[in-house]
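To keep things clear, I will list the structure first and then write my remarks on it.
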Amino acid sequence: MTTVVALAGYAVLVGAAAPSLLSRARWAHRAPALAVAAWQALMTTFVVATALAVYHLAIAGKHVHDGFVGLLTACGLITGAPARGATPTLSDILALVAPAVIVLLPLGWFVRCAWRAHRARRRHLDLLTLVGEPAPEYGATVVDHDTPAVYCLPGRFRRVVVTRGALDALSEEQLRAVLEHERAHIHGRHDLLRLWADAFSRAFPGLPLSRHAREQTALLVEMIADDRALRFHRREALATAMYEVAAGQVPQVALGAGGTGALIRLRRVLTPQPRPHRATRLGVVAATVAAPLLPLLVACGP
């Protein structure tokens, strides 16, 4: 029972307390890629800790320490190893089914959200075939619309879309900067990061981690794309382009240059901050790796 309490307490800590601390961390916006990894680790840790807690509660301490099978049993990877030839009991079945549901729930939502996004993107691509005009010099599709907007459709049939209003409002350098931002989304597969955060929030609604992870992941992937664009273009060019396209409406399944938290990102682009100290980065990496492993160590303990 001590193991159950420890794992459940750890899950509560990760799901309720840690998100507010990470969302306010000063280093996160200075190292957005590392911060995204930390959010991914927290979501994974919550699933692992909760599944193991439910498993140990279901078996009620009935471990069988018998070589490799005993180790797997202690770690919560197989059930209580009934005697050879014996029929598994209801508690043995529940010990597997209950934690499996916790693990498969966010995975199922991820598959569902990914399928919905794929279908929505295909419909939008079909629409672009009718109303869009290829612009090979920019590697994009131009849509005749007065509101400045630039966005991308990630996935297998990737596409960058620019409205006629954006072409009129942006200079050549500004347009190139915002296009680089969109290509960063496509090459980095940031849509998958956002899909996983969205799937997790649907699997565990009401959990503070769900809300914070979804909001912060959406903001951080935009910052990652901003940083990619800043490698090749001036800060003023990117900031001006972001301002011009901030009001543009983009499809729900797309990633837009205006994006989430445009004001926060504008301030960040125009007022650069130094990267976190190396000790801070190493500490975050160590915590990110250790967080999902800790519940396994607790479960495998004596």
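In the structure tokens, chains take letters A, B, ... by order of appearance, with residues numbered from 1 within each chain and ligands from 1 in the order shown.
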
Mind listing the alpha helix (DSSP H) residues of region 36-251 of chain A, per DSSP on the backbone, as a ChimeraX atom specification? /A:36-59,67-74,90-131,164-169,172-188,190-203,208-230,235-245

Exercise for the section: Give the strand (DSSP E) residues of region 22-221 of chain A, as assigned by DSSP on the backbone, as a VMD selection string. Expected result: chain A and resid 132 to 135 140 to 143 150 to 153 159 to 163

Those same residues - C-alpha atoms - I'd like them written as an mmCIF file, in the first residue's frame.
```
data_model
loop_
_atom_site.group_PDB
_atom_site.id
_atom_site.type_symbol
_atom_site.label_atom_id
_atom_site.label_comp_id
_atom_site.auth_asym_id
_atom_site.auth_seq_id
_atom_site.Cartn_x
_atom_site.Cartn_y
_atom_site.Cartn_z
ATOM 1 C CA GLY A 132 -5.216 28.876 -54.712
ATOM 2 C CA GLU A 133 -2.533 29.963 -57.123
ATOM 3 C CA PRO A 134 0.957 28.408 -56.946
ATOM 4 C CA ALA A 135 3.845 30.774 -56.199
ATOM 5 C CA ALA A 140 3.758 28.636 -51.299
ATOM 6 C CA THR A 141 0.166 28.862 -52.478
ATOM 7 C CA VAL A 142 -1.402 32.301 -52.825
ATOM 8 C CA VAL A 143 -5.069 32.836 -51.934
ATOM 9 C CA VAL A 150 0.340 33.243 -43.602
ATOM 10 C CA TYR A 151 -0.055 29.661 -42.414
ATOM 11 C CA CYS A 152 1.017 26.118 -43.145
ATOM 12 C CA LEU A 153 -0.707 22.778 -43.448
ATOM 13 C CA ARG A 159 1.616 23.346 -47.894
ATOM 14 C CA VAL A 160 2.426 26.957 -47.024
ATOM 15 C CA VAL A 161 -0.385 29.405 -47.761
ATOM 16 C CA VAL A 162 -0.110 33.171 -48.204
ATOM 17 C CA THR A 163 -2.993 35.542 -48.786
#
```

**Study point:** Residue neighbourhood Ala51 (chain A), 12 Å, only C-alpha atoms, exclusion window fewer than 6 positions, as a list in words
**Key:**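 Using only C-alpha atoms, the neighbours found are Val4, Leu7, Ala8, Tyr10, Ala11, Thr44, Thr45, Leu57, Ala58, Cys75, Gly76, Leu77, Ala95, Leu96, Val97, Ala98, Pro99, Ala100, Val101, Ile102, Val103, Leu104, Leu105, Pro292, Pro295, Leu296 and Ala299 of chain A.
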
Write out, as a compact mmCIF listing (two decimals), in the first residue's frame, the residues just selected, with C-alpha atoms.
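File written: result-v4.txt
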```txt
# COMPACT_ATOMS: atom_id res chain seq x y z
CA VAL A 4 0.34 2.89 -4.13
CA LEU A 7 2.84 6.57 -6.88
CA ALA A 8 -0.52 8.29 -6.43
CA TYR A 10 3.68 11.51 -7.40
CA ALA A 11 0.92 11.53 -10.01
CA THR A 44 4.30 10.89 -19.95
CA THR A 45 5.17 10.80 -16.26
CA LEU A 57 -3.86 -1.06 -6.11
CA ALA A 58 -5.47 -3.81 -8.19
CA CYS A 75 7.64 -3.38 -12.08
CA GLY A 76 3.99 -3.70 -12.97
CA LEU A 77 4.66 -5.10 -16.45
CA ALA A 95 -4.58 -5.72 -12.83
CA LEU A 96 -3.80 -5.59 -16.53
CA VAL A 97 -6.94 -3.98 -17.89
CA ALA A 98 -7.11 -1.00 -15.50
CA PRO A 99 -3.61 0.39 -16.15
CA ALA A 100 -3.90 -0.49 -19.84
CA VAL A 101 -6.97 1.75 -20.10
CA ILE A 102 -5.04 4.65 -18.55
CA VAL A 103 -2.20 4.20 -21.06
CA LEU A 104 -4.43 3.61 -24.08
CA LEU A 105 -6.84 6.47 -23.36
CA PRO A 292 9.11 9.32 -16.03
CA PRO A 295 7.72 5.89 -10.78
CA LEU A 296 9.30 2.79 -12.36
CA ALA A 299 7.27 0.31 -8.47
```

Query raised in the report: Residues at most 8 Å from region 144-147 of chain A, counting only C-alpha atoms, excluding those fewer than 2 positions away in the same chain, as a PyMOL selection string?
Result: chain A and resi 131-132+142+149+163-166+245+247-248

Keeping only C-alpha atoms, write those residues as a short mmCIF file (atom, residue, chain, number, x, y, z; two decimals), in the first residue's frame.
```
data_model
loop_
_atom_site.label_atom_id
_atom_site.label_comp_id
_atom_site.auth_asym_id
_atom_site.auth_seq_id
_atom_site.Cartn_x
_atom_site.Cartn_y
_atom_site.Cartn_z
CA VAL A 131 -8.99 28.86 -55.17
CA GLY A 132 -5.22 28.88 -54.71
CA VAL A 142 -1.40 32.30 -52.82
CA ALA A 149 -2.40 35.85 -43.28
CA THR A 163 -2.99 35.54 -48.79
CA ARG A 164 -2.88 38.33 -51.35
CA GLY A 165 -3.24 40.78 -48.47
CA ALA A 166 -0.01 39.48 -46.92
CA VAL A 245 -0.50 38.89 -39.98
CA ALA A 247 -5.19 39.36 -37.10
CA GLY A 248 -5.39 36.87 -39.96
#
```

10 Å contact set for Arg122 (chain A), only C-alpha atoms, chain neighbours under 6 positions out, as a compact mmCIF listing (two decimals) with N, CA and C atoms, in the first residue's frame:
```txt
# COMPACT_ATOMS: atom_id res chain seq x y z
N ARG A 116 -8.80 13.15 -37.45
CA ARG A 116 -9.64 14.32 -37.72
C ARG A 116 -8.84 15.42 -38.39
N LEU A 128 -7.94 24.54 -51.64
CA LEU A 128 -6.84 25.33 -52.18
C LEU A 128 -6.58 25.01 -53.65
N LEU A 153 0.00 24.03 -43.67
CA LEU A 153 -0.71 22.78 -43.45
C LEU A 153 0.35 21.68 -43.36
N GLY A 155 2.07 17.81 -42.35
CA GLY A 155 1.67 16.46 -42.68
C GLY A 155 2.26 15.99 -44.00
N ARG A 156 1.68 14.93 -44.52
CA ARG A 156 2.19 14.33 -45.75
C ARG A 156 2.08 15.28 -46.94
N PHE A 157 0.93 15.94 -47.05
CA PHE A 157 0.71 16.89 -48.15
C PHE A 157 0.89 18.31 -47.64
```

- Looking at A:Ala203, A:Leu270, A:Leu263, A:Val284, which one is nearest to Leu22 (chain A), with distances taken over only C-alpha atoms?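 Looking only at the distances to Leu22 (chain A), the closest residue turns out to be A:Val284.
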
_Just checking: using only C-alpha atoms, which residue out of A:Ala229, A:Ile59, A:Leu13, A:Leu294 ends up closest to Glu173 (chain A)?_
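Checking each of A:Ala229, A:Ile59, A:Leu13, A:Leu294 against Glu173 (chain A), counting only C-alpha atoms, the winner is A:Ala229.
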
- Query: Which of these residues is nearest to Tyr243 (chain A), using only C-alpha atoms: A:His29, A:Pro148, A:His187, A:Leu195?
  - Reply: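 Among the listed residues, the smallest separation from Tyr243 (chain A) belongs to A:Pro148.
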